[in-house]
>>> print(open('model_31.cif').read())   # mmCIF, C-alpha atoms and all ligand atoms
data_entry
loop_
_atom_site.label_atom_id
_atom_site.label_comp_id
_atom_site.auth_asym_id
_atom_site.auth_seq_id
_atom_site.Cartn_x
_atom_site.Cartn_y
_atom_site.Cartn_z
CA MET G 21 32.84 7.92 39.29
CA VAL G 22 35.72 5.63 40.22
CA GLY G 23 38.92 6.53 38.42
CA GLU G 24 37.64 9.88 37.13
CA ARG G 25 39.00 12.14 39.89
CA ARG G 26 42.53 13.28 40.34
CA PHE G 27 43.42 14.27 43.83
CA SER G 28 41.70 11.79 46.10
CA SER G 29 44.44 10.26 48.24
CA ALA G 30 42.50 6.99 48.03
CA LEU G 31 43.48 6.87 44.37
CA VAL G 32 47.18 7.36 44.98
CA PRO G 33 49.01 4.02 44.91
CA SER G 34 50.13 2.98 48.39
CA ARG G 35 53.85 3.02 47.51
CA VAL G 36 53.56 6.75 46.77
CA SER G 37 51.44 7.75 49.74
CA ARG G 38 51.13 11.33 50.94
CA GLU G 39 52.74 10.28 54.24
CA GLU G 40 55.95 9.61 52.33
CA PRO G 41 56.37 12.69 50.14
CA SER G 42 60.07 12.00 49.64
CA LEU G 43 59.40 8.60 48.07
CA ARG G 44 60.49 8.74 44.45
CA ARG G 45 59.70 6.38 41.64
CA ASP G 46 62.47 4.33 40.08
CA ALA G 47 63.44 4.94 36.47
CA THR G 48 64.60 2.03 34.32
CA PRO G 49 66.95 2.65 31.41
CA ARG G 50 65.17 2.43 28.07
CA ARG G 51 66.18 2.05 24.45
CA TYR G 52 64.40 4.25 21.94
CA LEU G 53 64.32 4.48 18.16
CA MET G 54 63.90 7.98 16.72
CA CYS G 55 64.12 9.57 13.28
CA PRO G 56 65.41 13.12 12.73
CA PRO G 57 62.90 15.44 11.02
CA ALA G 58 65.30 16.23 8.16
CA HIS G 59 62.49 16.15 5.59
CA PHE G 60 59.56 17.01 7.86
CA LYS G 61 56.85 19.10 6.21
CA VAL G 62 53.07 19.26 6.08
CA THR G 63 52.09 18.88 2.42
CA TYR G 64 49.03 16.65 2.93
CA SER G 65 46.44 16.30 5.66
CA ILE G 66 45.62 12.90 7.13
CA ASN G 67 44.63 14.09 10.59
CA PRO G 68 42.84 17.20 11.89
CA TRP G 69 46.07 18.74 13.23
CA MET G 70 47.67 18.94 9.77
CA ASP G 71 47.10 22.16 7.82
CA PRO G 72 49.27 22.30 4.69
CA THR G 73 48.72 26.08 4.44
CA LYS G 74 50.60 26.64 7.73
CA PRO G 75 54.36 26.98 7.23
CA VAL G 76 56.71 24.68 9.15
CA ASP G 77 59.96 26.10 10.56
CA LEU G 78 62.25 23.18 9.73
CA PRO G 79 65.34 24.37 11.68
CA LEU G 80 63.11 24.87 14.72
CA ALA G 81 61.53 21.42 14.28
CA HIS G 82 65.03 19.97 14.14
CA ALA G 83 66.16 21.85 17.24
CA GLN G 84 63.09 20.69 19.18
CA TRP G 85 63.66 17.09 18.10
CA GLU G 86 67.34 17.30 19.12
CA ASP G 87 66.33 18.64 22.52
CA LEU G 88 64.09 15.62 22.99
CA ARG G 89 66.79 13.17 21.91
CA ASP G 90 69.37 14.87 24.13
CA ARG G 91 66.97 14.85 27.06
CA TYR G 92 66.51 11.10 26.76
CA ARG G 93 70.26 10.63 26.69
CA ALA G 94 70.72 12.92 29.70
CA LEU G 95 68.17 10.77 31.55
CA GLY G 96 70.39 7.74 30.85
CA HIS G 97 68.48 6.21 27.95
CA THR G 98 69.88 4.88 24.68
CA VAL G 99 68.64 6.51 21.49
CA GLU G 100 69.05 4.78 18.13
CA THR G 101 68.28 6.69 14.96
CA LEU G 102 66.73 5.85 11.62
CA THR G 103 67.89 7.50 8.41
CA PRO G 104 65.10 9.80 7.18
CA ASP G 105 63.78 9.38 3.64
CA PRO G 106 63.17 12.57 1.61
CA GLY G 107 59.88 11.19 0.23
CA LEU G 108 58.42 10.41 3.67
CA PRO G 109 57.86 13.67 5.59
CA ASP G 110 56.08 11.95 8.52
CA MET G 111 59.00 9.63 9.29
CA VAL G 112 59.88 11.72 12.33
CA PHE G 113 56.89 10.03 13.99
CA ALA G 114 58.93 6.88 14.52
CA ALA G 115 56.55 5.38 17.09
CA ASN G 116 54.23 4.38 14.28
CA GLY G 117 56.73 2.12 12.51
CA ALA G 118 56.53 -1.01 14.70
CA LEU G 119 55.74 -2.47 18.11
CA VAL G 120 58.61 -4.17 19.93
CA VAL G 121 57.93 -6.31 23.01
CA ASP G 122 60.23 -8.98 24.48
CA GLY G 123 62.67 -8.24 21.65
CA ARG G 124 60.06 -9.37 19.09
CA VAL G 125 58.99 -7.02 16.34
CA LEU G 126 55.51 -6.57 14.91
CA GLY G 127 55.97 -4.46 11.79
CA ALA G 128 53.54 -1.69 10.85
CA ARG G 129 51.18 -1.43 7.93
CA PHE G 130 50.04 2.16 7.44
CA ALA G 131 46.45 3.20 6.78
CA TYR G 132 47.36 5.99 4.32
CA PRO G 133 49.47 5.56 1.18
CA GLU G 134 51.43 8.72 2.08
CA ARG G 135 53.12 6.79 4.92
CA ALA G 136 53.16 3.27 3.47
CA GLY G 137 56.87 3.36 2.59
CA GLU G 138 57.91 3.83 6.22
CA ALA G 139 56.99 0.27 7.16
CA GLU G 140 59.72 -1.39 5.08
CA ILE G 141 62.36 1.07 6.29
CA HIS G 142 61.57 0.13 9.88
CA LEU G 143 61.65 -3.59 9.03
CA ASP G 144 65.04 -3.15 7.34
CA TRP G 145 66.36 -1.38 10.43
CA PHE G 146 65.33 -4.29 12.65
CA ARG G 147 66.74 -6.87 10.21
CA SER G 148 70.08 -5.08 10.16
CA HIS G 149 70.22 -4.67 13.95
CA GLY G 150 70.09 -8.32 14.91
CA TYR G 151 66.37 -8.77 15.51
CA GLN G 152 65.42 -12.36 14.65
CA ASP G 153 61.75 -12.53 15.42
CA ILE G 154 60.06 -10.12 13.04
CA HIS G 155 56.44 -10.42 11.93
CA GLU G 156 55.32 -8.67 8.75
CA PRO G 157 51.69 -7.78 9.43
CA SER G 158 48.66 -8.85 7.40
CA HIS G 159 46.43 -6.11 8.82
CA VAL G 160 46.71 -2.35 9.17
CA ASN G 161 48.42 -1.30 12.41
CA GLU G 162 50.31 1.90 13.10
CA GLY G 163 52.74 0.49 15.62
CA GLU G 164 53.00 2.22 18.95
CA GLY G 165 50.62 4.90 17.69
CA ASP G 166 47.82 2.46 18.47
CA PHE G 167 49.47 -0.08 20.79
CA ALA G 168 50.43 0.71 24.39
CA VAL G 169 52.18 -1.84 26.59
CA THR G 170 51.38 -2.13 30.29
CA ALA G 171 52.69 -4.80 32.67
CA SER G 172 49.61 -6.99 32.12
CA TYR G 173 48.21 -6.00 28.73
CA ILE G 174 48.73 -4.60 25.31
CA LEU G 175 46.13 -1.85 24.88
CA ALA G 176 45.11 -1.38 21.27
CA GLY G 177 43.28 1.54 19.65
CA ARG G 178 40.94 1.24 16.68
CA GLY G 179 38.49 3.45 14.89
CA PHE G 180 40.68 5.73 12.81
CA ARG G 181 43.86 3.91 11.78
CA SER G 182 44.62 0.39 13.04
CA SER G 183 42.28 -2.44 12.05
CA PRO G 184 40.61 -4.46 14.82
CA LEU G 185 42.06 -7.50 13.02
CA SER G 186 45.53 -6.26 13.90
CA HIS G 187 44.64 -6.72 17.57
CA ASP G 188 44.21 -10.48 17.13
CA GLU G 189 47.37 -10.54 15.10
CA ALA G 190 49.30 -8.79 17.91
CA GLN G 191 47.84 -11.09 20.57
CA GLU G 192 48.80 -14.18 18.61
CA PHE G 193 52.30 -12.91 17.91
CA PHE G 194 53.18 -11.64 21.38
CA GLY G 195 51.10 -14.08 23.44
CA ARG G 196 49.89 -11.24 25.64
CA PRO G 197 46.27 -10.18 26.20
CA VAL G 198 45.33 -7.43 23.78
CA ILE G 199 42.53 -5.11 24.90
CA GLY G 200 40.75 -3.34 22.03
CA LEU G 201 39.67 0.25 22.69
CA ASP G 202 37.43 2.32 20.41
CA LEU G 203 38.60 5.84 19.66
CA VAL G 204 35.74 8.19 18.76
CA ASP G 205 37.19 11.73 18.42
CA PRO G 206 39.16 12.42 15.21
CA ARG G 207 41.59 14.73 17.09
CA TYR G 208 42.65 11.65 19.04
CA TYR G 209 43.10 9.38 16.07
CA HIS G 210 45.85 7.25 17.60
CA LEU G 211 45.72 5.62 21.03
CA ASP G 212 48.89 7.44 22.07
CA THR G 213 47.13 10.80 21.77
CA ALA G 214 44.61 9.75 24.41
CA LEU G 215 46.38 7.36 26.77
CA SER G 216 49.86 6.99 28.16
CA VAL G 217 51.46 4.24 30.25
CA LEU G 218 53.20 5.70 33.29
CA ASP G 219 54.54 2.61 35.04
CA GLY G 220 53.52 -1.05 35.22
CA ASP G 221 49.73 -1.05 35.02
CA GLU G 222 49.44 2.65 35.80
CA VAL G 223 48.10 4.84 33.02
CA MET G 224 46.73 8.30 32.35
CA TYR G 225 44.03 8.90 29.78
CA TYR G 226 41.37 11.22 28.43
CA PRO G 227 37.97 9.48 28.74
CA ASP G 228 36.14 11.53 26.09
CA ALA G 229 38.42 10.15 23.37
CA PHE G 230 36.90 6.69 23.91
CA SER G 231 33.50 5.10 23.30
CA PRO G 232 31.32 4.58 26.39
CA GLY G 233 32.09 0.85 26.39
CA SER G 234 35.83 1.43 26.13
CA ARG G 235 35.65 3.95 28.96
CA GLY G 236 34.01 1.25 31.05
CA VAL G 237 36.83 -1.16 30.21
CA LEU G 238 39.45 1.43 31.17
CA ARG G 239 37.72 2.16 34.48
CA ARG G 240 37.63 -1.55 35.32
CA LEU G 241 41.23 -2.24 34.35
CA PHE G 242 42.70 0.99 35.71
CA PRO G 243 40.51 2.29 38.54
CA ASP G 244 43.37 4.46 39.85
CA ALA G 245 44.24 6.02 36.50
CA LEU G 246 45.20 9.67 36.27
CA ILE G 247 42.38 11.29 34.33
CA ALA G 248 43.35 14.10 31.97
CA ASP G 249 41.02 16.99 31.23
CA GLY G 250 40.14 18.48 27.83
CA PRO G 251 42.77 21.26 27.68
CA ASP G 252 45.63 18.90 28.58
CA ALA G 253 44.45 16.32 26.06
CA ALA G 254 44.13 19.06 23.42
CA ALA G 255 47.74 20.05 24.12
CA LEU G 256 48.59 16.39 23.30
CA GLY G 257 49.65 16.02 26.92
CA LEU G 258 48.95 12.30 26.80
CA ASN G 259 51.50 11.87 24.03
CA ALA G 260 54.04 11.29 26.78
CA VAL G 261 56.94 8.90 27.44
CA SER G 262 57.64 7.56 30.92
CA ASP G 263 60.66 5.63 32.16
CA GLY G 264 58.86 4.80 35.39
CA ARG G 265 59.94 8.02 37.05
CA HIS G 266 60.44 10.81 34.49
CA VAL G 267 57.42 11.59 32.36
CA VAL G 268 58.48 13.50 29.24
CA LEU G 269 55.45 15.37 27.91
CA PRO G 270 54.43 18.39 25.80
CA GLN G 271 55.03 21.56 27.81
CA ALA G 272 51.59 23.03 27.12
CA ALA G 273 49.92 20.27 29.16
CA THR G 274 50.43 22.18 32.40
CA GLY G 275 47.42 20.65 34.17
CA LEU G 276 49.14 17.26 34.26
CA LEU G 277 52.20 18.46 36.17
CA ALA G 278 50.73 18.58 39.69
CA PRO G 279 48.86 15.24 39.51
CA LEU G 280 51.98 13.55 38.13
CA ARG G 281 54.11 14.96 40.95
CA ASP G 282 51.41 13.99 43.41
CA ARG G 283 51.94 10.38 42.34
CA GLY G 284 55.70 10.57 42.70
CA PHE G 285 56.57 11.13 39.04
CA GLU G 286 58.91 13.82 37.77
CA PRO G 287 57.38 15.61 34.78
CA VAL G 288 59.83 16.71 32.07
CA PRO G 289 58.02 19.26 29.87
CA MET G 290 59.33 19.69 26.30
CA ASP G 291 58.44 22.07 23.47
CA LEU G 292 57.69 20.14 20.27
CA GLY G 293 55.42 22.84 18.83
CA GLU G 294 56.67 22.51 15.24
CA LEU G 295 56.07 18.76 15.16
CA LEU G 296 52.57 19.29 16.53
CA LYS G 297 51.78 20.75 13.08
CA GLY G 298 52.06 17.17 11.80
CA GLY G 299 49.77 15.89 14.55
CA GLY G 300 52.33 14.37 16.85
CA SER G 301 54.50 15.12 19.86
CA VAL G 302 56.84 13.42 22.33
CA LYS G 303 55.54 9.85 22.15
CA CYS G 304 55.00 9.88 18.38
CA CYS G 305 58.68 10.66 17.92
CA THR G 306 59.73 7.80 20.21
CA GLN G 307 59.49 4.10 19.55
CA GLU G 308 60.45 2.00 22.55
CA LEU G 309 62.62 -1.05 21.88
CA ARG G 310 61.57 -3.36 24.71
CA PRO G 311 64.12 -6.12 25.39
C1 LIG N 1 50.57 10.65 18.55
N1 LIG N 1 50.45 10.23 17.22
C2 LIG N 1 49.30 10.61 16.64
C3 LIG N 1 51.36 9.44 16.62
N2 LIG N 1 51.73 8.42 17.15
N3 LIG N 1 51.81 9.73 15.41
C4 LIG N 1 51.76 10.94 14.76
C5 LIG N 1 51.51 10.71 13.30
C6 LIG N 1 51.39 11.99 12.54
C7 LIG N 1 51.19 11.77 11.07
N4 LIG N 1 51.07 13.03 10.42
C8 LIG N 1 49.96 10.93 10.78
O1 LIG N 1 48.87 11.49 10.71
O2 LIG N 1 50.07 9.72 10.61
#
>>> encode(input="model_31.cif", output="structure tokens")
Amino acid sequence: MVGERRFSSALVPSRVSREEPSLRRDATPRRYLMCPPAHFKVTYSINPWMDPTKPVDLPLAHAQWEDLRDRYRALGHTVETLTPDPGLPDMVFAANGALVVDGRVLGARFAYPERAGEAEIHLDWFRSHGYQDIHEPSHVNEGEGDFAVTASYILAGRGFRSSPLSHDEAQEFFGRPVIGLDLVDPRYYHLDTALSVLDGDEVMYYPDAFSPGSRGVLRRLFPDALIADGPDAAALGLNAVSDGRHVVLPQAATGLLAPLRDRGFEPVPMDLGELLKGGGSVKCCTQELRP
């Protein structure tokens, strides 16, 4: 099936051909918003990864988060930080608090009351950091958890958290085509657990997380996509952040390393094992502030 194999050279984009193994991708400097896990804990369960009976090692969670932040800075990116709120243990998953494209901010509206308070904290951060064009949403959307930005589209997940109505709202606000995708497996409850943008219109995804119709849409839009297998998806390997060259991803997703290198990317594996207990990893901790 087109787009569902990994190593066919026909699927490797021409600018990263096998004849030019030394050709490297270009990274572009990014600006990220993160929130330290100062109050991270798992006291409720709103996704299948969260088990409140499992203890969380908070110092370890903090150390893993700091490693991620420091890695971004070492790669030349800017990291802004939010002040964590003691009553909001999931705030470390900063990607869910908004979607920022062209310097315009679509605020979040969380599906579960446990996280509802995070939305206003994110909006306040944008208001106090010079953002002028801020839209307070009418419909449930969990920010970059369910929105992914490619060169041509905004991909938008639905089924577990974000409302399909939020897709129209995003399209109207950003003036970019929004492509709705149905998520069908509760382990992959946010789009960013099942799909990651690598560069431009290049993505990697796990087909089984999507409905048959959405899989068809993905194959049509991204025939050269890198297709992840079950074990890498289950390691949250698609919860990755790319700057166009470096792909920062959970270290347990070892099956993605070779195909990423094959396409000219430089994988940067990270251990975020403690934060996985909350159901998130690299991407969930990272909201991109697109200028
Ligand atoms: C990759 N994912 C899923 C995210 N973008 N966010 C993680 C949110 C985790 C939180 N406990 C919740 O269930 O909302």
>>> atom_distance(input="model_31.cif", atom1="atom N1 of ligand LIG 1 (chain N)", atom2="atom CA of G:Glu156")
21.3 Å
>>> closest_residue(input="model_31.cif", among="G:Arg196, G:Lys303, G:Arg178, G:Arg310", to="G:Ser216", atoms="all atoms listed in the file")
G:Lys303
>>> closest_residue(input="model_31.cif", among="G:Arg147, G:His142, G:Lys61, G:Arg239", to="ligand LIG 1 (chain N)", atoms="all atoms listed in the file")
G:Lys61
>>> residues_near_point(input="model_31.cif", point="(53.0, 18.3, 38.9)", cutoff="12 Å", atoms="all atoms listed in the file", output="list in words")
Arg26, Phe27, Leu246, His266, Val267, Leu269, Gln271, Ala273, Thr274, Gly275, Leu276, Leu277, Ala278, Pro279, Leu280, Arg281, Asp282, Arg283, Gly284, Phe285, Glu286, Pro287, Val288 and Pro289 of chain G
>>> closest_residue(input="model_31.cif", among="G:Thr101, G:Ser234, G:Ser301, G:Ser186", to="G:Leu203", atoms="all atoms listed in the file")
G:Ser234
>>> residues_near_ligand(input="model_31.cif", ligand="ligand LIG 1 (chain N)", cutoff="9 Å", atoms="only C-alpha atoms and all ligand atoms", output="PDB file with C-alpha atoms, keeping the file's coordinate frame")
ATOM      1  CA  VAL G  62      53.070  19.260   6.080  1.00  0.00           C
ATOM      2  CA  TYR G  64      49.030  16.650   2.930  1.00  0.00           C
ATOM      3  CA  SER G  65      46.440  16.300   5.660  1.00  0.00           C
ATOM      4  CA  ILE G  66      45.620  12.900   7.130  1.00  0.00           C
ATOM      5  CA  ASN G  67      44.630  14.090  10.590  1.00  0.00           C
ATOM      6  CA  PRO G  68      42.840  17.200  11.890  1.00  0.00           C
ATOM      7  CA  TRP G  69      46.070  18.740  13.230  1.00  0.00           C
ATOM      8  CA  MET G  70      47.670  18.940   9.770  1.00  0.00           C
ATOM      9  CA  PRO G 109      57.860  13.670   5.590  1.00  0.00           C
ATOM     10  CA  ASP G 110      56.080  11.950   8.520  1.00  0.00           C
ATOM     11  CA  MET G 111      59.000   9.630   9.290  1.00  0.00           C
ATOM     12  CA  VAL G 112      59.880  11.720  12.330  1.00  0.00           C
ATOM     13  CA  PHE G 113      56.890  10.030  13.990  1.00  0.00           C
ATOM     14  CA  ALA G 114      58.930   6.880  14.520  1.00  0.00           C
ATOM     15  CA  ALA G 115      56.550   5.380  17.090  1.00  0.00           C
ATOM     16  CA  ASN G 116      54.230   4.380  14.280  1.00  0.00           C
ATOM     17  CA  PHE G 130      50.040   2.160   7.440  1.00  0.00           C
ATOM     18  CA  ALA G 131      46.450   3.200   6.780  1.00  0.00           C
ATOM     19  CA  TYR G 132      47.360   5.990   4.320  1.00  0.00           C
ATOM     20  CA  GLU G 134      51.430   8.720   2.080  1.00  0.00           C
ATOM     21  CA  ARG G 135      53.120   6.790   4.920  1.00  0.00           C
ATOM     22  CA  GLU G 162      50.310   1.900  13.100  1.00  0.00           C
ATOM     23  CA  GLY G 163      52.740   0.490  15.620  1.00  0.00           C
ATOM     24  CA  GLU G 164      53.000   2.220  18.950  1.00  0.00           C
ATOM     25  CA  GLY G 165      50.620   4.900  17.690  1.00  0.00           C
ATOM     26  CA  ASP G 166      47.820   2.460  18.470  1.00  0.00           C
ATOM     27  CA  ARG G 181      43.860   3.910  11.780  1.00  0.00           C
ATOM     28  CA  ARG G 207      41.590  14.730  17.090  1.00  0.00           C
ATOM     29  CA  TYR G 208      42.650  11.650  19.040  1.00  0.00           C
ATOM     30  CA  TYR G 209      43.100   9.380  16.070  1.00  0.00           C
ATOM     31  CA  HIS G 210      45.850   7.250  17.600  1.00  0.00           C
ATOM     32  CA  LEU G 211      45.720   5.620  21.030  1.00  0.00           C
ATOM     33  CA  ASP G 212      48.890   7.440  22.070  1.00  0.00           C
ATOM     34  CA  THR G 213      47.130  10.800  21.770  1.00  0.00           C
ATOM     35  CA  ALA G 214      44.610   9.750  24.410  1.00  0.00           C
ATOM     36  CA  LEU G 256      48.590  16.390  23.300  1.00  0.00           C
ATOM     37  CA  LEU G 258      48.950  12.300  26.800  1.00  0.00           C
ATOM     38  CA  ASN G 259      51.500  11.870  24.030  1.00  0.00           C
ATOM     39  CA  ALA G 260      54.040  11.290  26.780  1.00  0.00           C
ATOM     40  CA  LEU G 295      56.070  18.760  15.160  1.00  0.00           C
ATOM     41  CA  LEU G 296      52.570  19.290  16.530  1.00  0.00           C
ATOM     42  CA  LYS G 297      51.780  20.750  13.080  1.00  0.00           C
ATOM     43  CA  GLY G 298      52.060  17.170  11.800  1.00  0.00           C
ATOM     44  CA  GLY G 299      49.770  15.890  14.550  1.00  0.00           C
ATOM     45  CA  GLY G 300      52.330  14.370  16.850  1.00  0.00           C
ATOM     46  CA  SER G 301      54.500  15.120  19.860  1.00  0.00           C
ATOM     47  CA  VAL G 302      56.840  13.420  22.330  1.00  0.00           C
ATOM     48  CA  LYS G 303      55.540   9.850  22.150  1.00  0.00           C
ATOM     49  CA  CYS G 304      55.000   9.880  18.380  1.00  0.00           C
ATOM     50  CA  CYS G 305      58.680  10.660  17.920  1.00  0.00           C
ATOM     51  CA  THR G 306      59.730   7.800  20.210  1.00  0.00           C
TER      52      THR G 306
END
>>> residues_around(input="model_31.cif", residues="G:His149", least_positions_apart="3", cutoff="12 Å", atoms="only C-alpha atoms", output="number ranges by chain")
G: 53, 100-102, 123, 125, 142-146, 152-154, 309
>>> atom_distance(input="model_31.cif", atom1="atom CA of G:Val160", atom2="atom CA of G:Asp202")
15.3 Å
>>> atom_distance(input="model_31.cif", atom1="atom CA of G:Asp46", atom2="atom CA of G:Thr98")
17.1 Å
>>> residues_around(input="model_31.cif", residues="G:Trp85", least_positions_apart="2", cutoff="10 Å", atoms="only C-alpha atoms", output="list in words")
Met54, Cys55, Pro56, Pro57, Pro79, Leu80, Ala81, His82, Ala83, Asp87, Leu88, Arg89, Asp90, Arg91, Val112, Met290, Asp291, Leu292, Glu294, Leu295, Ser301, Val302 and Cys305 of chain G
>>> closest_residue(input="model_31.cif", among="G:Ala248, G:Val99, G:Val120, G:Ile141", to="G:Phe193", atoms="only C-alpha atoms")
G:Val120
>>> closest_residue(input="model_31.cif", among="G:Val169, G:Leu241, G:Val121, G:Leu175", to="G:Val261", atoms="all atoms listed in the file")
G:Val169
>>> closest_residue(input="model_31.cif", among="G:Tyr226, G:Tyr92, G:Tyr151, G:Phe180", to="G:Pro311", atoms="all atoms listed in the file")
G:Tyr151
>>> closest_atom_pairs(input="model_31.cif", of="stretch 190-268 of chain G", to="stretch 170-174 of chain G", cutoff="7 Å", atoms="all atoms listed in the file", output="JSON lines")
{"residue": "G:Arg196", "atom": "CA", "partner": "G:Tyr173", "partner_atom": "CA", "distance": 6.3}
{"residue": "G:Pro197", "atom": "CA", "partner": "G:Tyr173", "partner_atom": "CA", "distance": 5.3}
{"residue": "G:Val198", "atom": "CA", "partner": "G:Ile174", "partner_atom": "CA", "distance": 4.7}
{"residue": "G:Ile199", "atom": "CA", "partner": "G:Ile174", "partner_atom": "CA", "distance": 6.2}
{"residue": "G:Val217", "atom": "CA", "partner": "G:Thr170", "partner_atom": "CA", "distance": 6.4}
{"residue": "G:Gly220", "atom": "CA", "partner": "G:Ala171", "partner_atom": "CA", "distance": 4.6}
{"residue": "G:Asp221", "atom": "CA", "partner": "G:Thr170", "partner_atom": "CA", "distance": 5.1}
